[in-house]
>>> print(open('data-v5.pdb').read())   # PDB, C-alpha atoms
MODEL        1
ATOM      1  CA  MET D   1     -11.881  -1.207 -12.038
ATOM      2  CA  GLY D   2      -9.651  -3.999 -10.669
ATOM      3  CA  GLN D   3      -7.527  -3.989  -7.566
ATOM      4  CA  THR D   4      -4.391  -1.847  -7.823
ATOM      5  CA  ILE D   5      -1.086  -2.839  -6.275
ATOM      6  CA  LYS D   6       0.142  -1.292  -3.045
ATOM      7  CA  VAL D   7       3.613   0.269  -2.994
ATOM      8  CA  GLU D   8       4.734  -2.367  -0.486
ATOM      9  CA  HIS D   9       3.856  -5.038  -3.040
ATOM     10  CA  ILE D  10       5.580  -3.549  -6.093
ATOM     11  CA  THR D  11       8.752  -2.396  -4.313
ATOM     12  CA  PRO D  12      10.186  -5.909  -3.760
ATOM     13  CA  PHE D  13       9.926  -6.607  -7.501
ATOM     14  CA  ILE D  14      11.667  -3.323  -8.369
ATOM     15  CA  ASP D  15      14.419  -3.969  -5.826
ATOM     16  CA  ALA D  16      14.842  -7.552  -7.068
ATOM     17  CA  THR D  17      15.189  -6.315 -10.659
ATOM     18  CA  ILE D  18      17.859  -3.788  -9.690
ATOM     19  CA  LYS D  19      19.776  -6.392  -7.664
ATOM     20  CA  THR D  20      19.515  -9.122 -10.308
ATOM     21  CA  PHE D  21      20.789  -6.831 -13.044
ATOM     22  CA  ALA D  22      23.619  -5.578 -10.830
ATOM     23  CA  LEU D  23      24.822  -9.049  -9.790
ATOM     24  CA  MET D  24      24.129 -11.169 -12.859
ATOM     25  CA  VAL D  25      23.848  -8.830 -15.872
ATOM     26  CA  TYR D  26      26.552  -6.487 -14.536
ATOM     27  CA  SER D  27      24.371  -3.514 -15.423
ATOM     28  CA  GLU D  28      22.760  -0.715 -13.434
ATOM     29  CA  ALA D  29      18.995  -0.912 -14.006
ATOM     30  CA  LYS D  30      17.323   2.418 -13.218
ATOM     31  CA  PRO D  31      13.562   2.344 -12.578
ATOM     32  CA  GLY D  32      11.311   5.073 -13.953
ATOM     33  CA  LYS D  33       7.912   6.174 -12.756
ATOM     34  CA  VAL D  34       5.512   3.371 -11.892
ATOM     35  CA  GLY D  35       2.384   3.524 -14.017
ATOM     36  CA  LEU D  36      -0.731   1.650 -15.012
ATOM     37  CA  ILE D  37       0.019   1.342 -18.722
ATOM     38  CA  ALA D  38       3.133   1.025 -20.836
ATOM     39  CA  SER D  39       4.588   4.274 -22.087
ATOM     40  CA  ALA D  40       3.355   5.312 -25.514
ATOM     41  CA  GLY D  41       5.553   4.086 -28.314
ATOM     42  CA  ALA D  42       7.185   1.361 -26.244
ATOM     43  CA  ARG D  43       7.708  -1.800 -28.290
ATOM     44  CA  PHE D  44       8.428  -5.211 -26.833
ATOM     45  CA  ASP D  45       9.305  -8.353 -28.714
ATOM     46  CA  VAL D  46      10.125 -10.849 -25.958
ATOM     47  CA  SER D  47       8.673 -11.305 -22.477
ATOM     48  CA  GLY D  48       9.559 -13.676 -19.641
ATOM     49  CA  ILE D  49       6.584 -14.389 -17.379
ATOM     50  CA  ILE D  50       6.299 -16.055 -13.961
ATOM     51  CA  GLY D  51       2.968 -16.966 -12.340
ATOM     52  CA  LEU D  52       2.403 -16.235  -8.644
ATOM     53  CA  SER D  53       0.085 -18.284  -6.441
ATOM     54  CA  GLY D  54      -0.572 -18.742  -2.731
ATOM     55  CA  LYS D  55      -2.087 -16.061  -0.494
ATOM     56  CA  ALA D  56      -1.434 -13.650  -3.362
ATOM     57  CA  GLN D  57      -1.962 -14.249  -7.064
ATOM     58  CA  GLY D  58      -0.718 -12.643 -10.218
ATOM     59  CA  THR D  59       2.202 -12.550 -12.600
ATOM     60  CA  VAL D  60       5.532 -10.845 -12.959
ATOM     61  CA  ALA D  61       6.875 -10.196 -16.448
ATOM     62  CA  LEU D  62       9.976  -8.697 -17.996
ATOM     63  CA  SER D  63       9.395  -7.289 -21.493
ATOM     64  CA  PHE D  64      12.218  -6.310 -23.840
ATOM     65  CA  PRO D  65      12.660  -4.955 -27.348
ATOM     66  CA  ARG D  66      14.607  -7.482 -29.435
ATOM     67  CA  ILE D  67      17.952  -5.654 -29.426
ATOM     68  CA  THR D  68      17.845  -4.974 -25.697
ATOM     69  CA  ALA D  69      16.984  -8.615 -25.012
ATOM     70  CA  LEU D  70      19.958  -9.816 -27.049
ATOM     71  CA  LYS D  71      22.335  -7.445 -25.239
ATOM     72  CA  VAL D  72      20.966  -8.368 -21.810
ATOM     73  CA  CYS D  73      21.169 -12.100 -22.614
ATOM     74  CA  SER D  74      24.755 -11.708 -23.828
ATOM     75  CA  ALA D  75      25.792 -10.023 -20.564
ATOM     76  CA  PHE D  76      23.902 -12.571 -18.454
ATOM     77  CA  VAL D  77      25.108 -15.683 -20.293
ATOM     78  CA  GLY D  78      28.656 -14.399 -20.734
ATOM     79  CA  ALA D  79      28.723 -14.980 -24.497
ATOM     80  CA  ARG D  80      27.344 -13.144 -27.522
ATOM     81  CA  VAL D  81      23.707 -14.015 -28.138
ATOM     82  CA  LEU D  82      22.782 -13.014 -31.679
ATOM     83  CA  ALA D  83      19.226 -14.314 -32.064
ATOM     84  CA  LEU D  84      16.142 -14.878 -29.965
ATOM     85  CA  ASP D  85      16.850 -18.612 -29.945
ATOM     86  CA  ASP D  86      16.666 -21.283 -27.230
ATOM     87  CA  ILE D  87      19.614 -19.726 -25.381
ATOM     88  CA  ALA D  88      17.987 -16.279 -25.331
ATOM     89  CA  THR D  89      14.543 -17.499 -24.310
ATOM     90  CA  ASP D  90      16.044 -19.638 -21.540
ATOM     91  CA  ALA D  91      18.018 -16.651 -20.281
ATOM     92  CA  ILE D  92      15.009 -14.293 -20.319
ATOM     93  CA  GLY D  93      12.912 -16.895 -18.503
ATOM     94  CA  GLU D  94      15.617 -17.418 -15.890
ATOM     95  CA  LEU D  95      15.959 -13.665 -15.288
ATOM     96  CA  ALA D  96      12.206 -13.468 -14.641
ATOM     97  CA  ASN D  97      12.474 -16.511 -12.360
ATOM     98  CA  ILE D  98      15.308 -15.003 -10.329
ATOM     99  CA  ILE D  99      13.496 -11.674  -9.929
ATOM    100  CA  ALA D 100      10.234 -13.332  -8.899
ATOM    101  CA  GLY D 101      12.080 -15.573  -6.435
ATOM    102  CA  ALA D 102      13.992 -12.710  -4.868
ATOM    103  CA  ALA D 103      10.833 -10.604  -4.543
ATOM    104  CA  LYS D 104       8.777 -13.364  -2.954
ATOM    105  CA  GLY D 105      11.398 -13.641  -0.239
ATOM    106  CA  GLU D 106      10.398 -10.104   0.781
ATOM    107  CA  LEU D 107       6.710 -11.020   0.579
ATOM    108  CA  SER D 108       6.960 -14.203   2.646
ATOM    109  CA  ARG D 109       3.742 -13.464   4.576
ATOM    110  CA  TYR D 110       1.829 -14.328   1.396
ATOM    111  CA  GLN D 111       3.499 -17.757   1.103
ATOM    112  CA  ILE D 112       3.880 -17.225  -2.626
ATOM    113  CA  GLN D 113       4.749 -20.066  -4.928
ATOM    114  CA  ILE D 114       6.222 -19.248  -8.320
ATOM    115  CA  SER D 115       5.626 -21.109 -11.562
ATOM    116  CA  LEU D 116       8.219 -22.237 -14.034
ATOM    117  CA  PRO D 117       8.945 -19.443 -16.564
ATOM    118  CA  THR D 118       7.014 -18.903 -19.770
ATOM    119  CA  VAL D 119       8.603 -16.864 -22.552
ATOM    120  CA  ILE D 120       6.535 -15.053 -25.181
ATOM    121  CA  LEU D 121       8.110 -14.159 -28.527
ATOM    122  CA  GLY D 122       6.321 -11.857 -30.957
ATOM    123  CA  ASP D 123       7.033  -8.541 -32.616
ATOM    124  CA  ASP D 124       5.451  -5.636 -30.725
ATOM    125  CA  HIS D 125       3.293  -7.886 -28.548
ATOM    126  CA  GLU D 126       1.122  -6.896 -25.590
ATOM    127  CA  LEU D 127       0.601  -8.893 -22.397
ATOM    128  CA  ALA D 128      -3.011  -9.401 -21.387
ATOM    129  CA  GLY D 129      -4.213 -10.681 -18.051
ATOM    130  CA  PRO D 130      -7.236 -10.931 -15.805
ATOM    131  CA  LYS D 131      -9.118  -7.611 -15.664
ATOM    132  CA  HIS D 132      -9.615  -7.808 -11.890
ATOM    133  CA  ILE D 133      -5.847  -7.423 -11.321
ATOM    134  CA  VAL D 134      -4.534  -4.113 -12.634
ATOM    135  CA  PRO D 135      -1.018  -4.388 -14.069
ATOM    136  CA  MET D 136       1.605  -2.033 -12.703
ATOM    137  CA  VAL D 137       4.314  -1.149 -15.208
ATOM    138  CA  VAL D 138       7.791  -0.054 -14.210
ATOM    139  CA  PRO D 139       9.928   1.227 -17.099
ATOM    140  CA  PHE D 140      13.635   0.527 -16.616
ATOM    141  CA  GLN D 141      16.737   1.921 -18.284
ATOM    142  CA  CYS D 142      20.034   0.044 -18.325
ATOM    143  CA  ALA D 143      23.201   0.093 -20.418
ATOM    144  CA  GLN D 144      21.656  -2.454 -22.810
ATOM    145  CA  GLY D 145      18.491  -0.404 -23.418
ATOM    146  CA  ASN D 146      14.999   0.037 -22.026
ATOM    147  CA  PHE D 147      12.709  -2.680 -20.726
ATOM    148  CA  ASN D 148       9.522  -2.986 -18.694
ATOM    149  CA  LEU D 149       8.747  -4.809 -15.466
ATOM    150  CA  VAL D 150       5.028  -5.618 -15.393
ATOM    151  CA  VAL D 151       3.559  -6.863 -12.113
ATOM    152  CA  ARG D 152       0.015  -8.077 -11.475
ATOM    153  CA  PHE D 153      -0.437  -8.757  -7.773
ATOM    154  CA  LYS D 154      -3.635  -9.423  -5.829
ATOM    155  CA  SER D 155      -3.408 -10.344  -2.172
ATOM    156  CA  GLU D 156      -6.101 -11.937  -0.025
ATOM    157  CA  SER D 157      -5.675  -9.287   2.683
TER     158      SER D 157
ATOM    159  CA  MET N   1      36.617 -33.681  -8.470
ATOM    160  CA  LYS N   2      33.541 -34.840 -10.388
ATOM    161  CA  ILE N   3      30.694 -32.322 -10.071
ATOM    162  CA  LEU N   4      27.036 -32.510 -11.121
ATOM    163  CA  LEU N   5      25.150 -29.313 -12.035
ATOM    164  CA  VAL N   6      21.378 -29.675 -11.779
ATOM    165  CA  ASP N   7      19.203 -26.902 -13.217
ATOM    166  CA  ASP N   8      16.452 -26.831 -15.825
ATOM    167  CA  SER N   9      17.910 -23.566 -17.119
ATOM    168  CA  ASN N  10      20.690 -24.047 -19.631
ATOM    169  CA  THR N  11      21.764 -20.470 -18.829
ATOM    170  CA  MET N  12      22.267 -21.180 -15.130
ATOM    171  CA  ARG N  13      24.159 -24.415 -15.846
ATOM    172  CA  ARG N  14      26.411 -22.425 -18.178
ATOM    173  CA  ILE N  15      27.022 -19.686 -15.583
ATOM    174  CA  GLU N  16      27.763 -22.233 -12.846
ATOM    175  CA  LYS N  17      30.013 -24.248 -15.175
ATOM    176  CA  ASN N  18      31.999 -21.114 -16.060
ATOM    177  CA  THR N  19      32.409 -20.353 -12.347
ATOM    178  CA  LEU N  20      33.625 -23.882 -11.603
ATOM    179  CA  GLU N  21      36.034 -23.892 -14.542
ATOM    180  CA  LYS N  22      37.545 -20.628 -13.285
ATOM    181  CA  MET N  23      38.117 -22.437  -9.981
ATOM    182  CA  GLY N  24      39.981 -25.174 -11.828
ATOM    183  CA  TYR N  25      37.277 -27.842 -11.912
ATOM    184  CA  THR N  26      36.941 -29.558 -15.271
ATOM    185  CA  ASP N  27      35.076 -32.822 -14.622
ATOM    186  CA  ILE N  28      31.586 -31.338 -14.748
ATOM    187  CA  GLN N  29      28.386 -33.058 -15.827
ATOM    188  CA  GLU N  30      24.883 -31.645 -16.133
ATOM    189  CA  ALA N  31      21.342 -32.770 -15.296
ATOM    190  CA  VAL N  32      18.136 -30.985 -16.304
ATOM    191  CA  ASP N  33      15.921 -31.895 -13.330
ATOM    192  CA  GLY N  34      15.842 -33.875 -10.098
ATOM    193  CA  ALA N  35      15.020 -37.174 -11.746
ATOM    194  CA  ASP N  36      17.881 -36.782 -14.201
ATOM    195  CA  ALA N  37      20.180 -35.951 -11.272
ATOM    196  CA  ILE N  38      19.177 -39.075  -9.325
ATOM    197  CA  SER N  39      19.796 -41.202 -12.387
ATOM    198  CA  LYS N  40      23.276 -39.749 -12.940
ATOM    199  CA  LEU N  41      24.238 -39.796  -9.251
ATOM    200  CA  THR N  42      23.278 -43.440  -8.905
ATOM    201  CA  ALA N  43      25.931 -44.251 -11.488
ATOM    202  CA  GLY N  44      28.428 -43.016  -8.904
ATOM    203  CA  GLY N  45      31.642 -41.038  -8.770
ATOM    204  CA  PHE N  46      30.280 -37.565  -8.002
ATOM    205  CA  GLU N  47      31.804 -35.582  -5.133
ATOM    206  CA  LEU N  48      29.657 -32.428  -5.277
ATOM    207  CA  VAL N  49      26.199 -31.446  -6.530
ATOM    208  CA  LEU N  50      24.873 -27.942  -7.254
ATOM    209  CA  MET N  51      21.074 -28.217  -7.214
ATOM    210  CA  ASP N  52      18.308 -25.834  -8.297
ATOM    211  CA  TRP N  53      14.970 -26.022  -6.438
ATOM    212  CA  ASN N  54      12.187 -25.297  -8.954
ATOM    213  CA  MET N  55      12.431 -27.791 -11.783
ATOM    214  CA  PRO N  56       9.928 -29.893 -13.754
ATOM    215  CA  ASN N  57       9.522 -33.669 -13.188
ATOM    216  CA  MET N  58      11.284 -33.702  -9.790
ATOM    217  CA  THR N  59      12.132 -30.592  -7.788
ATOM    218  CA  GLY N  60      15.506 -30.010  -6.199
ATOM    219  CA  ILE N  61      14.226 -30.499  -2.651
ATOM    220  CA  GLU N  62      12.591 -33.795  -3.640
ATOM    221  CA  ALA N  63      15.823 -34.929  -5.254
ATOM    222  CA  LEU N  64      17.840 -33.849  -2.212
ATOM    223  CA  LYS N  65      15.668 -36.018   0.058
ATOM    224  CA  VAL N  66      16.096 -39.002  -2.271
ATOM    225  CA  ILE N  67      19.872 -38.477  -2.390
ATOM    226  CA  LYS N  68      20.158 -38.288   1.409
ATOM    227  CA  ALA N  69      17.929 -41.372   1.876
ATOM    228  CA  ASN N  70      20.125 -43.529  -0.373
ATOM    229  CA  PRO N  71      23.222 -44.958   1.395
ATOM    230  CA  ALA N  72      25.070 -44.907  -1.941
ATOM    231  CA  THR N  73      24.615 -41.152  -2.448
ATOM    232  CA  LYS N  74      23.943 -39.638   0.982
ATOM    233  CA  GLY N  75      27.635 -38.752   1.455
ATOM    234  CA  VAL N  76      27.713 -36.510  -1.620
ATOM    235  CA  PRO N  77      27.478 -32.853  -0.512
ATOM    236  CA  VAL N  78      24.661 -30.912  -2.169
ATOM    237  CA  ILE N  79      24.665 -27.118  -2.454
ATOM    238  CA  MET N  80      21.263 -25.667  -3.250
ATOM    239  CA  VAL N  81      21.516 -22.835  -5.815
ATOM    240  CA  THR N  82      18.051 -21.377  -6.078
ATOM    241  CA  SER N  83      15.826 -18.314  -6.247
ATOM    242  CA  GLU N  84      13.881 -19.668  -3.237
ATOM    243  CA  SER N  85      15.006 -17.037  -0.758
ATOM    244  CA  GLU N  86      12.665 -17.418   2.245
ATOM    245  CA  LYS N  87      14.222 -18.511   5.536
ATOM    246  CA  THR N  88      11.698 -21.365   5.779
ATOM    247  CA  ARG N  89      12.944 -22.742   2.457
ATOM    248  CA  ILE N  90      16.580 -22.447   3.526
ATOM    249  CA  MET N  91      15.810 -24.232   6.795
ATOM    250  CA  GLU N  92      13.904 -26.937   4.930
ATOM    251  CA  ALA N  93      16.889 -27.577   2.675
ATOM    252  CA  ILE N  94      19.425 -27.604   5.503
ATOM    253  CA  GLN N  95      17.243 -29.981   7.527
ATOM    254  CA  ALA N  96      16.955 -32.224   4.458
ATOM    255  CA  GLY N  97      20.747 -32.430   4.342
ATOM    256  CA  ALA N  98      21.919 -29.606   2.080
ATOM    257  CA  ALA N  99      25.574 -28.751   2.734
ATOM    258  CA  ASN N 100      25.073 -25.086   1.849
ATOM    259  CA  TYR N 101      22.635 -22.699   0.194
ATOM    260  CA  VAL N 102      23.178 -20.011  -2.445
ATOM    261  CA  VAL N 103      20.332 -17.613  -3.254
ATOM    262  CA  LYS N 104      19.944 -16.262  -6.794
ATOM    263  CA  PRO N 105      20.851 -13.605  -7.774
ATOM    264  CA  PHE N 106      24.419 -14.183  -6.646
ATOM    265  CA  GLN N 107      27.886 -12.853  -7.356
ATOM    266  CA  ALA N 108      30.254 -15.407  -8.856
ATOM    267  CA  GLU N 109      32.516 -14.858  -5.844
ATOM    268  CA  THR N 110      29.732 -15.900  -3.466
ATOM    269  CA  LEU N 111      29.200 -19.164  -5.316
ATOM    270  CA  GLN N 112      32.958 -19.776  -5.321
ATOM    271  CA  GLU N 113      33.174 -19.168  -1.549
ATOM    272  CA  LYS N 114      30.312 -21.568  -0.795
ATOM    273  CA  ILE N 115      31.831 -24.258  -3.045
ATOM    274  CA  SER N 116      35.258 -23.823  -1.435
ATOM    275  CA  ALA N 117      33.777 -24.078   2.061
ATOM    276  CA  VAL N 118      31.939 -27.296   1.232
ATOM    277  CA  THR N 119      34.819 -28.968  -0.608
ATOM    278  CA  LYS N 120      37.285 -28.139   2.201
ATOM    279  CA  LYS N 121      34.898 -29.590   4.760
ATOM    280  CA  ALA N 122      34.444 -32.732   2.659
ATOM    281  CA  ALA N 123      38.198 -33.206   2.163
TER     282      ALA N 123
ENDMDL
END
>>> encode(input="data-v5.pdb", output="structure tokens")
Amino acid sequence: MGQTIKVEHITPFIDATIKTFALMVYSEAKPGKVGLIASAGARFDVSGIIGLSGKAQGTVALSFPRITALKVCSAFVGARVLALDDIATDAIGELANIIAGAAKGELSRYQIQISLPTVILGDDHELAGPKHIVPMVVPFQCAQGNFNLVVRFKSES
Amino acid sequence: MKILLVDDSNTMRRIEKNTLEKMGYTDIQEAVDGADAISKLTAGGFELVLMDWNMPNMTGIEALKVIKANPATKGVPVIMVTSESEKTRIMEAIQAGAANYVVKPFQAETLQEKISAVTKKAA
């Protein structure tokens, strides 16, 4: 069994997601119960992923169903986004970047550096990662639909 | 006023451009990283730069230091617009010569206020 995340480590990412959606997507993102695996039946077609390094390692990812992603991108960009094209993938990557950046400000003792965003496109895909870092999944609801925040976080202390 | 937006994210450049246009600014150019920004600034004529931090090729802080070390560009105010939210990062940017600092996520009004403060000071 890998290392699980402490509440103090996941909370900044949840708070950053709520704040980012409120300020830049103009949508109230409501977190559900934090869990170890995605809820049964959840389907995700696009994910924005940021790598974390420094005195803590891991990843933070936002995973969306296609329709939700398009609606979120449209609200964020300020124009209708109709396909998972370059505009949509850039927007999803930037949302993940903003959330990771805001969260690391609350975790400054770990001197975290964040990577440039990577965006995964694929119908009903799953995100895999190192087995020694257990992913924590936070299901969110917002006006545009449901999405998942997936955080893998392993600190040195 | 000629303004340069520097961000590797097309989305962020679009959001910032919309904000500036609502403020009445129309002479807006874009750069995709620090190196691109240096190249465009060297050509001259810019009066304000909005600069991201984390970008490929040359980061925003690296570009800021180059801009402030060049007599031809050091007078151009640079506002950092970035997800780097730690106080140490903000201090690093201010010490390197940033005129102001906006942390993502931001409200459009916040960006407008920071731009207005810098442009009034520069006038």
>>> resolve_selection(input="data-v5.pdb", expression="the PyMOL selection byres ((chain N) within 9 of (chain D))", output="ChimeraX atom specification")
/N:9-12,14-15,18,54-56,82-87,103-108
>>> residues_around(input="data-v5.pdb", residues="Val34 (chain D)", least_positions_apart="4", cutoff="12 Å", atoms="only C-alpha atoms", output="list in words")
Thr4, Ile5, Lys6, Val7, Ile10, Thr11, Phe13, Ile14, Lys30, Ala38, Ser39, Pro135, Met136, Val137, Val138, Pro139, Phe140, Asn148, Leu149, Val150 and Val151 of chain D
>>> axis_aligned_box(input="data-v5.pdb", around="region 122-127 of chain D", padding_each_side="3 Å", output="lines of an AutoDock Vina configuration file")
center_x = 3.8
center_y = -8.7
center_z = -27.5
size_x = 12.4
size_y = 12.2
size_z = 16.2
>>> closest_residue(input="data-v5.pdb", among="D:Ile18, D:Leu36, D:Ala128, D:Ala143", to="Ala69 (chain D)", atoms="only C-alpha atoms")
D:Ala143
>>> atom_distance(input="data-v5.pdb", atom1="CA of Ile120 (chain D)", atom2="CA of Glu16 (chain N)")
25.6 Å
>>> closest_residue(input="data-v5.pdb", among="N:Ala35, N:Ala99, N:Ile28, N:Arg13", to="Thr59 (chain N)", atoms="all atoms listed in the file")
N:Ala35
>>> resolve_selection(input="data-v5.pdb", expression="the PyMOL selection byres ((chain N and resi 77) around 12)", output="PDB file with C-alpha atoms, in the coordinates of the input")
ATOM      1  CA  LYS N   2      33.541 -34.840 -10.388  1.00  0.00           C
ATOM      2  CA  ILE N   3      30.694 -32.322 -10.071  1.00  0.00           C
ATOM      3  CA  LEU N   4      27.036 -32.510 -11.121  1.00  0.00           C
ATOM      4  CA  LEU N  41      24.238 -39.796  -9.251  1.00  0.00           C
ATOM      5  CA  PHE N  46      30.280 -37.565  -8.002  1.00  0.00           C
ATOM      6  CA  GLU N  47      31.804 -35.582  -5.133  1.00  0.00           C
ATOM      7  CA  LEU N  48      29.657 -32.428  -5.277  1.00  0.00           C
ATOM      8  CA  VAL N  49      26.199 -31.446  -6.530  1.00  0.00           C
ATOM      9  CA  LEU N  50      24.873 -27.942  -7.254  1.00  0.00           C
ATOM     10  CA  MET N  51      21.074 -28.217  -7.214  1.00  0.00           C
ATOM     11  CA  LEU N  64      17.840 -33.849  -2.212  1.00  0.00           C
ATOM     12  CA  ILE N  67      19.872 -38.477  -2.390  1.00  0.00           C
ATOM     13  CA  LYS N  68      20.158 -38.288   1.409  1.00  0.00           C
ATOM     14  CA  THR N  73      24.615 -41.152  -2.448  1.00  0.00           C
ATOM     15  CA  LYS N  74      23.943 -39.638   0.982  1.00  0.00           C
ATOM     16  CA  GLY N  75      27.635 -38.752   1.455  1.00  0.00           C
ATOM     17  CA  VAL N  76      27.713 -36.510  -1.620  1.00  0.00           C
ATOM     18  CA  VAL N  78      24.661 -30.912  -2.169  1.00  0.00           C
ATOM     19  CA  ILE N  79      24.665 -27.118  -2.454  1.00  0.00           C
ATOM     20  CA  MET N  80      21.263 -25.667  -3.250  1.00  0.00           C
ATOM     21  CA  ILE N  94      19.425 -27.604   5.503  1.00  0.00           C
ATOM     22  CA  ALA N  96      16.955 -32.224   4.458  1.00  0.00           C
ATOM     23  CA  GLY N  97      20.747 -32.430   4.342  1.00  0.00           C
ATOM     24  CA  ALA N  98      21.919 -29.606   2.080  1.00  0.00           C
ATOM     25  CA  ALA N  99      25.574 -28.751   2.734  1.00  0.00           C
ATOM     26  CA  ASN N 100      25.073 -25.086   1.849  1.00  0.00           C
ATOM     27  CA  TYR N 101      22.635 -22.699   0.194  1.00  0.00           C
ATOM     28  CA  LYS N 114      30.312 -21.568  -0.795  1.00  0.00           C
ATOM     29  CA  ILE N 115      31.831 -24.258  -3.045  1.00  0.00           C
ATOM     30  CA  SER N 116      35.258 -23.823  -1.435  1.00  0.00           C
ATOM     31  CA  ALA N 117      33.777 -24.078   2.061  1.00  0.00           C
ATOM     32  CA  VAL N 118      31.939 -27.296   1.232  1.00  0.00           C
ATOM     33  CA  THR N 119      34.819 -28.968  -0.608  1.00  0.00           C
ATOM     34  CA  LYS N 120      37.285 -28.139   2.201  1.00  0.00           C
ATOM     35  CA  LYS N 121      34.898 -29.590   4.760  1.00  0.00           C
ATOM     36  CA  ALA N 122      34.444 -32.732   2.659  1.00  0.00           C
ATOM     37  CA  ALA N 123      38.198 -33.206   2.163  1.00  0.00           C
TER      38      ALA N 123
END
>>> atom_distance(input="data-v5.pdb", atom1="CA of Gly60 (chain N)", atom2="CA of Gln29 (chain N)")
16.4 Å
>>> residues_near_point(input="data-v5.pdb", point="(4.2, -10.7, -31.7)", cutoff="12 Å", atoms="all atoms listed in the file", output="list in words")
Arg43, Phe44, Asp45, Val46, Ser47, Ser63, Pro65, Arg66, Val119, Ile120, Leu121, Gly122, Asp123, Asp124, His125, Glu126 and Leu127 of chain D
>>> closest_residue(input="data-v5.pdb", among="N:Thr110, N:Val102, N:Pro71, N:Glu62", to="Ile90 (chain N)", atoms="all atoms listed in the file")
N:Val102
>>> atom_distance(input="data-v5.pdb", atom1="CA of Met1 (chain N)", atom2="CA of Tyr25 (chain N)")
6.8 Å
>>> residues_around(input="data-v5.pdb", residues="Gln144 (chain D)", least_positions_apart="4", cutoff="7 Å", atoms="all atoms listed in the file", output="ChimeraX atom specification")
/D:68,71-72
